[in-house]
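What follows is run-v4.txt (compact mmCIF, C-alpha atoms).
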# COMPACT_ATOMS: atom_id res chain seq x y z
CA MET A 1 38.77 42.69 32.92
CA GLN A 2 37.39 40.23 35.47
CA SER A 3 39.19 36.93 35.92
CA LEU A 4 37.23 33.74 35.07
CA ASP A 5 35.75 31.86 38.02
CA PRO A 6 37.00 28.25 37.67
CA VAL A 7 34.00 26.87 39.60
CA ASN A 8 31.43 28.64 37.43
CA ASN A 9 33.39 27.73 34.36
CA HIS A 10 33.33 24.06 35.41
CA TYR A 11 29.55 24.09 35.91
CA MET A 12 29.05 25.88 32.60
CA THR A 13 30.99 23.10 30.86
CA ILE A 14 28.84 20.44 32.53
CA ARG A 15 25.68 22.32 31.47
CA ILE A 16 26.81 22.48 27.85
CA VAL A 17 27.59 18.76 27.84
CA LEU A 18 24.20 17.93 29.37
CA LEU A 19 22.35 20.10 26.85
CA ALA A 20 24.23 18.43 24.00
CA LEU A 21 23.37 15.00 25.42
CA LEU A 22 19.68 15.89 25.76
CA SER A 23 19.66 17.21 22.20
CA TYR A 24 21.22 13.97 20.95
CA LEU A 25 18.73 11.84 22.87
CA SER A 26 15.83 13.92 21.55
CA LEU A 27 17.08 13.49 17.99
CA SER A 28 17.59 9.76 18.52
CA CYS A 29 13.98 9.38 19.64
CA THR A 30 12.80 10.71 16.30
CA GLN A 31 14.82 8.17 14.30
CA ASN A 32 13.30 5.00 12.87
CA THR A 33 14.15 2.68 15.77
CA SER A 34 11.15 0.30 15.72
CA LYS A 35 11.93 -3.26 14.66
CA PRO A 36 10.61 -4.53 11.30
CA GLU A 37 7.54 -6.78 11.40
CA SER A 38 7.22 -9.73 9.04
CA LEU A 39 3.94 -9.78 7.08
CA PHE A 40 4.56 -13.37 5.96
CA ASN A 41 4.96 -16.06 8.63
CA GLY A 42 6.60 -18.55 6.26
CA ASN A 43 3.99 -21.26 6.89
CA ASP A 44 0.64 -20.09 5.52
CA LEU A 45 -1.26 -16.99 4.38
CA THR A 46 -2.53 -15.94 7.80
CA GLY A 47 -3.04 -12.18 7.78
CA TRP A 48 -3.86 -12.05 4.07
CA ASP A 49 -7.06 -12.07 2.00
CA MET A 50 -7.15 -13.35 -1.55
CA TYR A 51 -9.41 -11.97 -4.26
CA LEU A 52 -9.77 -13.29 -7.80
CA GLY A 53 -11.82 -11.48 -10.42
CA PRO A 54 -13.38 -12.63 -13.69
CA ALA A 55 -11.84 -15.75 -15.22
CA TYR A 56 -10.36 -15.49 -18.71
CA ASP A 57 -12.25 -17.28 -21.49
CA THR A 58 -9.66 -18.53 -23.99
CA LEU A 59 -12.37 -19.29 -26.58
CA LEU A 60 -13.87 -15.80 -26.56
CA ASN A 61 -10.49 -14.18 -25.80
CA ASN A 62 -12.06 -12.07 -23.10
CA PHE A 63 -12.67 -11.98 -19.37
CA ASP A 64 -15.98 -13.57 -18.40
CA THR A 65 -17.53 -10.95 -16.12
CA LEU A 66 -20.29 -13.42 -15.20
CA ASN A 67 -17.68 -15.80 -13.79
CA VAL A 68 -16.13 -13.85 -10.89
CA ILE A 69 -14.30 -16.11 -8.45
CA GLY A 70 -14.44 -13.65 -5.55
CA LEU A 71 -13.06 -13.21 -2.04
CA ASN A 72 -11.05 -15.97 -0.33
CA LYS A 73 -11.88 -18.52 -3.02
CA ASP A 74 -8.92 -20.01 -4.85
CA PRO A 75 -9.90 -23.15 -6.78
CA HIS A 76 -6.71 -23.15 -8.87
CA HIS A 77 -4.33 -22.42 -5.96
CA VAL A 78 -3.17 -19.14 -7.43
CA PHE A 79 -1.73 -18.16 -4.04
CA SER A 80 0.30 -20.69 -2.07
CA VAL A 81 3.30 -21.07 0.24
CA VAL A 82 6.28 -22.94 -1.21
CA GLN A 83 10.00 -23.41 -0.72
CA ALA A 84 12.01 -21.38 -3.21
CA ASP A 85 15.81 -21.53 -3.18
CA GLY A 86 15.75 -22.97 0.32
CA GLN A 87 13.44 -20.36 1.87
CA PRO A 88 9.66 -20.08 2.32
CA ALA A 89 8.01 -17.84 -0.25
CA ILE A 90 4.55 -16.85 -1.44
CA ARG A 91 3.96 -18.23 -4.91
CA VAL A 92 1.58 -16.30 -7.15
CA SER A 93 0.85 -18.49 -10.17
CA GLY A 94 -0.79 -15.74 -12.24
CA GLU A 95 -3.39 -18.14 -13.64
CA ASN A 96 -6.28 -15.91 -12.54
CA PHE A 97 -6.07 -12.13 -12.23
CA GLY A 98 -6.53 -10.74 -8.73
CA GLY A 99 -4.67 -9.81 -5.58
CA LEU A 100 -3.42 -11.01 -2.23
CA SER A 101 -3.98 -8.25 0.33
CA THR A 102 -3.14 -7.76 3.99
CA THR A 103 -6.10 -7.77 6.34
CA ARG A 104 -4.62 -4.74 8.11
CA GLU A 105 -3.98 -1.19 6.94
CA PHE A 106 -0.65 0.58 7.39
CA LYS A 107 0.66 4.15 7.30
CA ASN A 108 4.06 5.80 7.77
CA TYR A 109 6.27 2.82 7.04
CA HIS A 110 9.25 1.37 5.25
CA LEU A 111 8.20 -1.75 3.33
CA THR A 112 10.76 -4.11 1.87
CA MET A 113 10.40 -7.46 0.10
CA GLN A 114 12.08 -9.70 -2.44
CA PHE A 115 10.63 -11.12 -5.64
CA LYS A 116 11.72 -13.24 -8.56
CA TRP A 117 9.95 -14.38 -11.71
CA GLY A 118 8.87 -17.96 -12.32
CA SER A 119 8.49 -19.66 -15.67
CA GLN A 120 4.71 -19.96 -16.09
CA ARG A 121 2.64 -17.42 -18.04
CA TRP A 122 -1.07 -17.35 -18.76
CA HIS A 123 -3.56 -15.79 -21.15
CA PRO A 124 -4.08 -12.99 -21.99
CA ARG A 125 -0.43 -12.19 -21.17
CA LYS A 126 1.05 -15.52 -22.21
CA ASP A 127 3.32 -13.91 -24.81
CA LYS A 128 3.86 -10.57 -23.07
CA LYS A 129 6.16 -9.22 -20.37
CA ARG A 130 5.86 -10.96 -17.03
CA ASP A 131 3.69 -8.73 -14.88
CA SER A 132 2.70 -8.30 -11.25
CA GLY A 133 2.64 -5.34 -8.91
CA LEU A 134 3.01 -4.11 -5.35
CA LEU A 135 -0.06 -2.04 -4.49
CA TYR A 136 0.12 0.16 -1.40
CA HIS A 137 -2.41 2.46 0.31
CA ALA A 138 -5.03 0.00 -1.00
CA VAL A 139 -8.54 0.99 0.11
CA GLY A 140 -12.19 0.38 -0.73
CA PRO A 141 -13.77 -2.64 -2.39
CA HIS A 142 -11.94 -5.46 -4.09
CA GLY A 143 -12.17 -5.48 -7.87
CA ALA A 144 -12.39 -1.69 -8.25
CA ASP A 145 -9.82 -1.70 -11.09
CA TYR A 146 -10.90 -3.78 -14.09
CA GLY A 147 -12.67 -6.12 -11.67
CA PHE A 148 -9.41 -7.29 -10.06
CA TRP A 149 -7.67 -4.79 -7.74
CA MET A 150 -8.38 -2.26 -5.01
CA ARG A 151 -7.97 1.50 -5.32
CA SER A 152 -4.30 2.02 -4.58
CA GLN A 153 -0.89 3.35 -5.55
CA GLU A 154 1.12 0.87 -7.61
CA PHE A 155 4.80 0.12 -7.46
CA GLN A 156 4.99 -1.62 -10.81
CA ILE A 157 6.64 -5.05 -10.86
CA GLN A 158 6.96 -5.94 -14.52
CA GLU A 159 9.92 -7.10 -16.56
CA GLY A 160 11.95 -4.02 -17.46
CA ASP A 161 9.51 -1.63 -15.76
CA CYS A 162 10.11 -2.38 -12.09
CA GLY A 163 9.54 0.78 -10.06
CA ASP A 164 7.14 2.53 -12.45
CA TYR A 165 4.09 4.24 -10.94
CA TRP A 166 0.46 3.46 -11.82
CA GLY A 167 -2.58 5.08 -10.26
CA VAL A 168 -5.00 2.21 -9.66
CA ALA A 169 -8.78 2.83 -9.67
CA GLY A 170 -8.44 6.50 -8.74
CA GLY A 171 -5.06 6.54 -7.02
CA SER A 172 -3.20 9.79 -7.72
CA PHE A 173 0.30 11.20 -7.16
CA GLN A 174 2.18 14.30 -8.19
CA ILE A 175 5.58 13.37 -9.65
CA PRO A 176 8.34 15.49 -11.21
CA ALA A 177 8.58 14.25 -14.79
CA ARG A 178 9.36 15.12 -18.40
CA LYS A 179 7.70 14.00 -21.60
CA GLN A 180 9.72 11.58 -23.69
CA ASN A 181 8.09 10.66 -26.99
CA GLU A 182 4.51 9.94 -25.93
CA GLU A 183 5.28 8.89 -22.35
CA TYR A 184 6.25 10.62 -19.13
CA VAL A 185 9.51 9.74 -17.39
CA TYR A 186 10.52 10.54 -13.82
CA ASP A 187 12.92 13.49 -13.62
CA PRO A 188 13.76 15.02 -10.21
CA THR A 189 14.28 18.37 -11.93
CA GLY A 190 11.13 18.12 -14.04
CA GLN A 191 7.74 19.77 -13.70
CA LEU A 192 5.49 18.42 -10.96
CA LEU A 193 2.68 16.64 -12.84
CA THR A 194 -0.48 14.94 -11.61
CA PHE A 195 -0.79 11.29 -12.58
CA ASN A 196 -4.23 9.64 -12.40
CA GLU A 197 -6.85 8.16 -14.68
CA ALA A 198 -8.78 11.45 -14.92
CA ASN A 199 -5.81 13.36 -16.34
CA LYS A 200 -6.18 12.40 -19.99
CA GLU A 201 -3.16 14.41 -21.10
CA VAL A 202 -0.67 12.90 -18.65
CA GLY A 203 -2.35 9.59 -17.78
CA ARG A 204 -1.75 7.43 -14.75
CA ARG A 205 1.69 5.96 -15.50
CA CYS A 206 5.08 7.50 -14.78
CA ILE A 207 8.18 5.61 -15.93
CA LYS A 208 10.95 5.11 -13.38
CA ILE A 209 14.55 6.03 -13.91
CA PRO A 210 17.04 4.40 -13.70
CA ASP A 211 16.34 0.71 -14.37
CA ALA A 212 17.88 -1.38 -11.57
CA GLU A 213 16.05 -4.70 -12.05
CA LYS A 214 18.10 -7.88 -12.20
CA ALA A 215 17.84 -10.54 -14.89
CA THR A 216 14.71 -12.71 -14.98
CA GLY A 217 15.03 -15.55 -12.48
CA GLU A 218 17.17 -13.62 -9.98
CA TRP A 219 15.87 -12.25 -6.69
CA ASN A 220 15.21 -8.51 -6.58
CA THR A 221 14.73 -6.36 -3.49
CA VAL A 222 12.06 -3.67 -3.71
CA GLU A 223 11.28 -1.02 -1.10
CA VAL A 224 8.62 1.59 -0.51
CA TYR A 225 9.04 4.45 1.93
CA ALA A 226 5.64 5.96 2.70
CA LEU A 227 5.40 8.91 5.07
CA GLY A 228 2.39 11.22 5.11
CA ASP A 229 1.61 11.96 1.48
CA THR A 230 5.14 11.25 0.18
CA ALA A 231 6.49 7.95 -1.14
CA VAL A 232 9.79 6.67 -2.51
CA HIS A 233 10.30 3.68 -4.84
CA VAL A 234 13.59 1.76 -4.48
CA VAL A 235 14.80 -1.21 -6.56
CA ASN A 236 17.88 -3.16 -5.46
CA GLY A 237 19.07 -0.23 -3.38
CA VAL A 238 18.58 2.33 -6.16
CA VAL A 239 16.03 5.13 -5.72
CA ASN A 240 14.16 5.44 -9.01
CA MET A 241 11.20 7.65 -8.09
CA ILE A 242 10.05 10.09 -5.41
CA LEU A 243 6.30 10.77 -5.39
CA TYR A 244 4.40 13.61 -3.70
CA HIS A 245 0.88 14.48 -2.51
CA SER A 246 -0.67 11.00 -2.44
CA SER A 247 -4.40 11.33 -3.03
CA GLN A 248 -7.44 9.67 -4.57
CA LEU A 249 -10.13 10.77 -6.96
CA ASP A 250 -13.34 11.61 -5.14
CA GLY A 251 -15.74 12.69 -7.87
CA ASP A 252 -14.11 15.74 -9.46
CA SER A 253 -11.91 16.36 -6.42
CA LEU A 254 -8.81 14.85 -4.86
CA THR A 255 -8.77 13.76 -1.23
CA PRO A 256 -5.74 12.51 0.76
CA LEU A 257 -4.68 8.87 0.54
CA LYS A 258 -2.07 8.24 3.23
CA GLN A 259 -2.73 4.71 4.42
CA GLY A 260 -4.21 1.39 3.38
CA LYS A 261 -3.56 -2.28 2.80
CA ILE A 262 -0.69 -3.91 0.92
CA GLN A 263 -1.75 -5.94 -2.12
CA LEU A 264 0.30 -8.24 -4.38
CA GLN A 265 -1.04 -8.65 -7.89
CA SER A 266 -1.67 -11.84 -9.82
CA GLU A 267 -1.53 -10.73 -13.45
CA GLY A 268 -0.75 -13.59 -15.79
CA ALA A 269 2.77 -14.49 -14.65
CA GLU A 270 4.27 -16.76 -12.01
CA VAL A 271 6.15 -14.77 -9.37
CA PHE A 272 7.57 -15.50 -5.93
CA TYR A 273 7.64 -13.10 -2.96
CA ARG A 274 9.58 -13.52 0.28
CA ASN A 275 11.07 -11.59 3.24
CA ILE A 276 8.11 -9.19 3.39
CA LEU A 277 8.96 -6.74 6.17
CA ILE A 278 7.32 -3.52 7.30
CA GLN A 279 8.75 -1.02 9.77
CA PRO A 280 7.06 2.10 11.21
CA ILE A 281 8.98 5.29 10.45
CA GLN A 282 8.86 8.89 11.57
CA GLU A 283 11.04 10.18 8.76
CA ILE A 284 12.42 9.19 5.39
CA PRO A 285 16.24 9.07 5.59
CA ALA A 286 17.92 12.04 3.97
CA THR A 287 20.14 9.68 2.01
CA VAL A 288 17.01 8.29 0.35
CA LEU A 289 15.45 11.66 -0.45
CA HIS A 290 18.70 13.06 -1.84
Will you turn the file into structure tokens for me?
Amino acid sequence: MQSLDPVNNHYMTIRIVLLALLSYLSLSCTQNTSKPESLFNGNDLTGWDMYLGPAYDTLLNNFDTLNVIGLNKDPHHVFSVVQADGQPAIRVSGENFGGLSTTREFKNYHLTMQFKWGSQRWHPRKDKKRDSGLLYHAVGPHGADYGFWMRSQEFQIQEGDCGDYWGVAGGSFQIPARKQNEEYVYDPTGQLLTFNEANKEVGRRCIKIPDAEKATGEWNTVEVYALGDTAVHVVNGVVNMILYHSSQLDGDSLTPLKQGKIQLQSEGAEVFYRNILIQPIQEIPATVLH
């Protein structure tokens, strides 16, 4: 047996350490190291467009499709900047149905924001659950869904249903789910089902699980991880849905939907949004996916 050369052995050790260091640095470069960007400057609605659809006629108990308010017109101040609990926030009154959308599109990101419910409610949802929504991957014309919202994927923000999925105006996801009574509920071990408005058997809503929303009037933190065609819904630190193969209806076919604007819904209830941050990502953390 040959004796070990201490010089060669020393250089071999240095080489192993250097290779390990390079591997660590390479891995670190793939982590999500970019700083979050605020989408709300705390002073005004710069960087956002507002769209309000048909006004509700309380005499006819219907939306007046001949009375569409339109883009960047807000006669009733549905969208405004206020102080809420000592911090600047976007107030959405809910008086008219519509949406506040970013002027820019985004892809491959971690979006986080806080919301809490106000006290005001309006027809036709005056006596129903408070309702709003975080729409992501929003594309195409305003008013595509019922005359109010863009084609998008919806992170439902509604009392008791925060984190549900809705496919808006042709938005589509595949989600593992199981049928419970007449509805479909998220189940990580369930069958991968396609949720969109064209699937009459399944529909376009998948119910989150578990429910992590706080009591009405308290601030909630909601998050969306969107990477490629995968998304994750998180409420107050609890993952309650993982969604796959984001797409959109294109005639009888599905085409990819991997980027778009962010839109906040006005849907009959007063709601406040604050601390709206978006951060580019290259991966979804394993702790989130599992």
Within 9 Å of region 269-279 of chain A, which residues of region 14-118 of chain A come that close, and what is the closest atom pair and distance in Å for each? Count all atoms listed in the file and give it as JSON lines.
{"residue": "A:Asn32", "atom": "CA", "partner": "A:Gln279", "partner_atom": "CA", "distance": 8.2}
{"residue": "A:Thr33", "atom": "CA", "partner": "A:Gln279", "partner_atom": "CA", "distance": 8.9}
{"residue": "A:Ser34", "atom": "CA", "partner": "A:Gln279", "partner_atom": "CA", "distance": 6.6}
{"residue": "A:Lys35", "atom": "CA", "partner": "A:Gln279", "partner_atom": "CA", "distance": 6.2}
{"residue": "A:Pro36", "atom": "CA", "partner": "A:Gln279", "partner_atom": "CA", "distance": 4.3}
{"residue": "A:Glu37", "atom": "CA", "partner": "A:Ile278", "partner_atom": "CA", "distance": 5.2}
{"residue": "A:Ser38", "atom": "CA", "partner": "A:Leu277", "partner_atom": "CA", "distance": 4.5}
{"residue": "A:Leu39", "atom": "CA", "partner": "A:Ile276", "partner_atom": "CA", "distance": 5.6}
{"residue": "A:Phe40", "atom": "CA", "partner": "A:Ile276", "partner_atom": "CA", "distance": 6.1}
{"residue": "A:Gly42", "atom": "CA", "partner": "A:Arg274", "partner_atom": "CA", "distance": 8.4}
{"residue": "A:Val82", "atom": "CA", "partner": "A:Phe272", "partner_atom": "CA", "distance": 8.9}
{"residue": "A:Ala84", "atom": "CA", "partner": "A:Phe272", "partner_atom": "CA", "distance": 7.9}
{"residue": "A:Gln87", "atom": "CA", "partner": "A:Arg274", "partner_atom": "CA", "distance": 8.0}
{"residue": "A:Pro88", "atom": "CA", "partner": "A:Arg274", "partner_atom": "CA", "distance": 6.9}
{"residue": "A:Ala89", "atom": "CA", "partner": "A:Arg274", "partner_atom": "CA", "distance": 4.6}
{"residue": "A:Ile90", "atom": "CA", "partner": "A:Tyr273", "partner_atom": "CA", "distance": 5.1}
{"residue": "A:Arg91", "atom": "CA", "partner": "A:Phe272", "partner_atom": "CA", "distance": 4.6}
{"residue": "A:Val92", "atom": "CA", "partner": "A:Val271", "partner_atom": "CA", "distance": 5.3}
{"residue": "A:Ser93", "atom": "CA", "partner": "A:Glu270", "partner_atom": "CA", "distance": 4.3}
{"residue": "A:Gly94", "atom": "CA", "partner": "A:Ala269", "partner_atom": "CA", "distance": 4.5}
{"residue": "A:Glu95", "atom": "CA", "partner": "A:Ala269", "partner_atom": "CA", "distance": 7.2}
{"residue": "A:Phe106", "atom": "CA", "partner": "A:Ile278", "partner_atom": "CA", "distance": 9.0}
{"residue": "A:Asn108", "atom": "CA", "partner": "A:Gln279", "partner_atom": "CA", "distance": 8.5}
{"residue": "A:Tyr109", "atom": "CA", "partner": "A:Gln279", "partner_atom": "CA", "distance": 5.3}
{"residue": "A:His110", "atom": "CA", "partner": "A:Gln279", "partner_atom": "CA", "distance": 5.1}
{"residue": "A:Leu111", "atom": "CA", "partner": "A:Ile278", "partner_atom": "CA", "distance": 4.4}
{"residue": "A:Thr112", "atom": "CA", "partner": "A:Leu277", "partner_atom": "CA", "distance": 5.4}
{"residue": "A:Met113", "atom": "CA", "partner": "A:Ile276", "partner_atom": "CA", "distance": 4.4}
{"residue": "A:Gln114", "atom": "CA", "partner": "A:Arg274", "partner_atom": "CA", "distance": 5.3}
{"residue": "A:Phe115", "atom": "CA", "partner": "A:Tyr273", "partner_atom": "CA", "distance": 4.5}
{"residue": "A:Lys116", "atom": "CA", "partner": "A:Phe272", "partner_atom": "CA", "distance": 5.4}
{"residue": "A:Trp117", "atom": "CA", "partner": "A:Val271", "partner_atom": "CA", "distance": 4.5}
{"residue": "A:Gly118", "atom": "CA", "partner": "A:Glu270", "partner_atom": "CA", "distance": 4.8}
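Shell of Thr58 (chain A) at 12 Å, with only C-alpha atoms counted and residues fewer than 3 places along the chain excluded, is A:Ala55, A:Asn61, A:Asn62, A:Phe63, A:Asp64, A:Trp122, A:His123, A:Pro124, A:Arg125, A:Lys126.
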Which residue, A:Leu254, A:Leu264, A:Leu134, A:Leu193, has the smallest gap to His233 (chain A) when you use only C-alpha atoms?
-> A:Leu134
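Across A:Glu182, A:Glu105, A:Glu223, A:Asp211, the tightest approach to Ile262 (chain A) is made by A:Glu105 when counting only C-alpha atoms.
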Kindly provide, as a list in words, the polymer residues lying within 12 Å of (-9.4, -22.5, -7.1), counting all atoms listed in the file and using the coordinates exactly as they appear in the file.
->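 Checked against the point, the hits come out as Met50, Tyr51, Leu52, Gly53, Ala55, Val68, Ile69, Gly70, Leu71, Asn72, Lys73, Asp74, Pro75, His76, His77, Val78, Phe79, Ser80, Ser93, Glu95 and Asn96 of chain A.
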Hey, which of A:Lys107, A:Lys261, A:Arg151, A:His245 ends up closest to Gln174 (chain A)? Count all atoms listed in the file.
->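 The closest residue to Gln174 (chain A) is A:His245.
With all atoms listed in the file as the atoms that count, the residue of A:Ala138, A:Ala177, A:Leu227, A:Ile209 with the shortest distance to Gly160 (chain A) is A:Ile209.
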Spatial neighbours of region 195-206 of chain A, max dist 9 Å, all atoms listed in the file, sep filter under 6 positions, as number ranges by chain | A: 164-175, 177, 179, 183-186, 248-249, 252
Could you work out how far CA of Lys208 (chain A) lies from CA of Ser132 (chain A), giving the answer in Å with one decimal?
->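 CA of Ser132 (chain A) sits 15.9 Å away from CA of Lys208 (chain A).
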Can you take the partial region 266-289 of chain A, add N, CA, C and O atoms, and return it as a PDB file, keeping the file's coordinate frame?
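The result, written out as result.pdb:
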ATOM      1  N   SER A 266      -1.784 -10.692  -8.923  1.00  0.00           N
ATOM      2  CA  SER A 266      -1.670 -11.840  -9.820  1.00  0.00           C
ATOM      3  C   SER A 266      -2.129 -11.332 -11.182  1.00  0.00           C
ATOM      4  O   SER A 266      -3.275 -10.901 -11.344  1.00  0.00           O
ATOM      5  N   GLU A 267      -1.213 -11.371 -12.168  1.00  0.00           N
ATOM      6  CA  GLU A 267      -1.530 -10.730 -13.450  1.00  0.00           C
ATOM      7  C   GLU A 267      -0.920 -11.491 -14.624  1.00  0.00           C
ATOM      8  O   GLU A 267      -0.274 -10.908 -15.493  1.00  0.00           O
ATOM      9  N   GLY A 268      -1.131 -12.813 -14.627  1.00  0.00           N
ATOM     10  CA  GLY A 268      -0.750 -13.590 -15.790  1.00  0.00           C
ATOM     11  C   GLY A 268       0.645 -14.170 -15.782  1.00  0.00           C
ATOM     12  O   GLY A 268       1.043 -14.808 -16.763  1.00  0.00           O
ATOM     13  N   ALA A 269       1.409 -13.961 -14.692  1.00  0.00           N
ATOM     14  CA  ALA A 269       2.770 -14.490 -14.650  1.00  0.00           C
ATOM     15  C   ALA A 269       3.073 -15.079 -13.279  1.00  0.00           C
ATOM     16  O   ALA A 269       2.630 -14.555 -12.252  1.00  0.00           O
ATOM     17  N   GLU A 270       3.832 -16.162 -13.276  1.00  0.00           N
ATOM     18  CA  GLU A 270       4.270 -16.760 -12.010  1.00  0.00           C
ATOM     19  C   GLU A 270       5.355 -15.894 -11.385  1.00  0.00           C
ATOM     20  O   GLU A 270       6.321 -15.491 -12.039  1.00  0.00           O
ATOM     21  N   VAL A 271       5.191 -15.605 -10.085  1.00  0.00           N
ATOM     22  CA  VAL A 271       6.150 -14.770  -9.370  1.00  0.00           C
ATOM     23  C   VAL A 271       6.197 -15.240  -7.926  1.00  0.00           C
ATOM     24  O   VAL A 271       5.205 -15.733  -7.378  1.00  0.00           O
ATOM     25  N   PHE A 272       7.368 -15.097  -7.317  1.00  0.00           N
ATOM     26  CA  PHE A 272       7.570 -15.500  -5.930  1.00  0.00           C
ATOM     27  C   PHE A 272       7.932 -14.279  -5.092  1.00  0.00           C
ATOM     28  O   PHE A 272       8.747 -13.449  -5.519  1.00  0.00           O
ATOM     29  N   TYR A 273       7.342 -14.185  -3.891  1.00  0.00           N
ATOM     30  CA  TYR A 273       7.640 -13.100  -2.960  1.00  0.00           C
ATOM     31  C   TYR A 273       8.112 -13.690  -1.632  1.00  0.00           C
ATOM     32  O   TYR A 273       7.573 -14.703  -1.163  1.00  0.00           O
ATOM     33  N   ARG A 274       9.094 -13.056  -1.018  1.00  0.00           N
ATOM     34  CA  ARG A 274       9.580 -13.520   0.280  1.00  0.00           C
ATOM     35  C   ARG A 274      10.152 -12.342   1.081  1.00  0.00           C
ATOM     36  O   ARG A 274      10.286 -11.226   0.547  1.00  0.00           O
ATOM     37  N   ASN A 275      10.461 -12.605   2.360  1.00  0.00           N
ATOM     38  CA  ASN A 275      11.070 -11.590   3.240  1.00  0.00           C
ATOM     39  C   ASN A 275      10.289 -10.279   3.186  1.00  0.00           C
ATOM     40  O   ASN A 275      10.856  -9.213   2.920  1.00  0.00           O
ATOM     41  N   ILE A 276       8.988 -10.359   3.443  1.00  0.00           N
ATOM     42  CA  ILE A 276       8.110  -9.190   3.390  1.00  0.00           C
ATOM     43  C   ILE A 276       8.096  -8.534   4.761  1.00  0.00           C
ATOM     44  O   ILE A 276       7.495  -9.046   5.704  1.00  0.00           O
ATOM     45  N   LEU A 277       8.774  -7.406   4.886  1.00  0.00           N
ATOM     46  CA  LEU A 277       8.960  -6.740   6.170  1.00  0.00           C
ATOM     47  C   LEU A 277       8.422  -5.321   6.118  1.00  0.00           C
ATOM     48  O   LEU A 277       8.584  -4.616   5.103  1.00  0.00           O
ATOM     49  N   ILE A 278       7.809  -4.883   7.214  1.00  0.00           N
ATOM     50  CA  ILE A 278       7.320  -3.520   7.300  1.00  0.00           C
ATOM     51  C   ILE A 278       7.770  -2.920   8.629  1.00  0.00           C
ATOM     52  O   ILE A 278       7.747  -3.594   9.667  1.00  0.00           O
ATOM     53  N   GLN A 279       8.218  -1.680   8.598  1.00  0.00           N
ATOM     54  CA  GLN A 279       8.750  -1.020   9.770  1.00  0.00           C
ATOM     55  C   GLN A 279       8.160   0.385   9.892  1.00  0.00           C
ATOM     56  O   GLN A 279       8.228   1.171   8.935  1.00  0.00           O
ATOM     57  N   PRO A 280       7.570   0.733  11.027  1.00  0.00           N
ATOM     58  CA  PRO A 280       7.060   2.100  11.210  1.00  0.00           C
ATOM     59  C   PRO A 280       8.207   3.104  11.145  1.00  0.00           C
ATOM     60  O   PRO A 280       9.310   2.835  11.630  1.00  0.00           O
ATOM     61  N   ILE A 281       7.960   4.241  10.521  1.00  0.00           N
ATOM     62  CA  ILE A 281       8.980   5.290  10.450  1.00  0.00           C
ATOM     63  C   ILE A 281       8.375   6.638  10.826  1.00  0.00           C
ATOM     64  O   ILE A 281       7.173   6.855  10.700  1.00  0.00           O
ATOM     65  N   GLN A 282       9.247   7.519  11.279  1.00  0.00           N
ATOM     66  CA  GLN A 282       8.860   8.890  11.570  1.00  0.00           C
ATOM     67  C   GLN A 282       9.488   9.871  10.603  1.00  0.00           C
ATOM     68  O   GLN A 282       9.177  11.060  10.612  1.00  0.00           O
ATOM     69  N   GLU A 283      10.392   9.345   9.772  1.00  0.00           N
ATOM     70  CA  GLU A 283      11.040  10.180   8.760  1.00  0.00           C
ATOM     71  C   GLU A 283      11.576   9.291   7.659  1.00  0.00           C
ATOM     72  O   GLU A 283      11.816   8.097   7.860  1.00  0.00           O
ATOM     73  N   ILE A 284      11.749   9.873   6.486  1.00  0.00           N
ATOM     74  CA  ILE A 284      12.420   9.190   5.390  1.00  0.00           C
ATOM     75  C   ILE A 284      13.881   9.622   5.441  1.00  0.00           C
ATOM     76  O   ILE A 284      14.167  10.821   5.470  1.00  0.00           O
ATOM     77  N   PRO A 285      14.814   8.684   5.481  1.00  0.00           N
ATOM     78  CA  PRO A 285      16.240   9.070   5.590  1.00  0.00           C
ATOM     79  C   PRO A 285      16.643  10.055   4.509  1.00  0.00           C
ATOM     80  O   PRO A 285      16.248   9.946   3.348  1.00  0.00           O
ATOM     81  N   ALA A 286      17.458  11.020   4.918  1.00  0.00           N
ATOM     82  CA  ALA A 286      17.920  12.040   3.970  1.00  0.00           C
ATOM     83  C   ALA A 286      18.686  11.429   2.815  1.00  0.00           C
ATOM     84  O   ALA A 286      18.650  11.926   1.684  1.00  0.00           O
ATOM     85  N   THR A 287      19.387  10.322   3.087  1.00  0.00           N
ATOM     86  CA  THR A 287      20.140   9.680   2.010  1.00  0.00           C
ATOM     87  C   THR A 287      19.233   9.091   0.947  1.00  0.00           C
ATOM     88  O   THR A 287      19.649   8.904  -0.202  1.00  0.00           O
ATOM     89  N   VAL A 288      17.984   8.805   1.312  1.00  0.00           N
ATOM     90  CA  VAL A 288      17.010   8.290   0.350  1.00  0.00           C
ATOM     91  C   VAL A 288      16.406   9.436  -0.451  1.00  0.00           C
ATOM     92  O   VAL A 288      16.242   9.364  -1.666  1.00  0.00           O
ATOM     93  N   LEU A 289      16.079  10.524   0.220  1.00  0.00           N
ATOM     94  CA  LEU A 289      15.450  11.660  -0.450  1.00  0.00           C
ATOM     95  C   LEU A 289      16.419  12.432  -1.334  1.00  0.00           C
ATOM     96  O   LEU A 289      15.994  13.145  -2.241  1.00  0.00           O
TER      97      LEU A 289
END
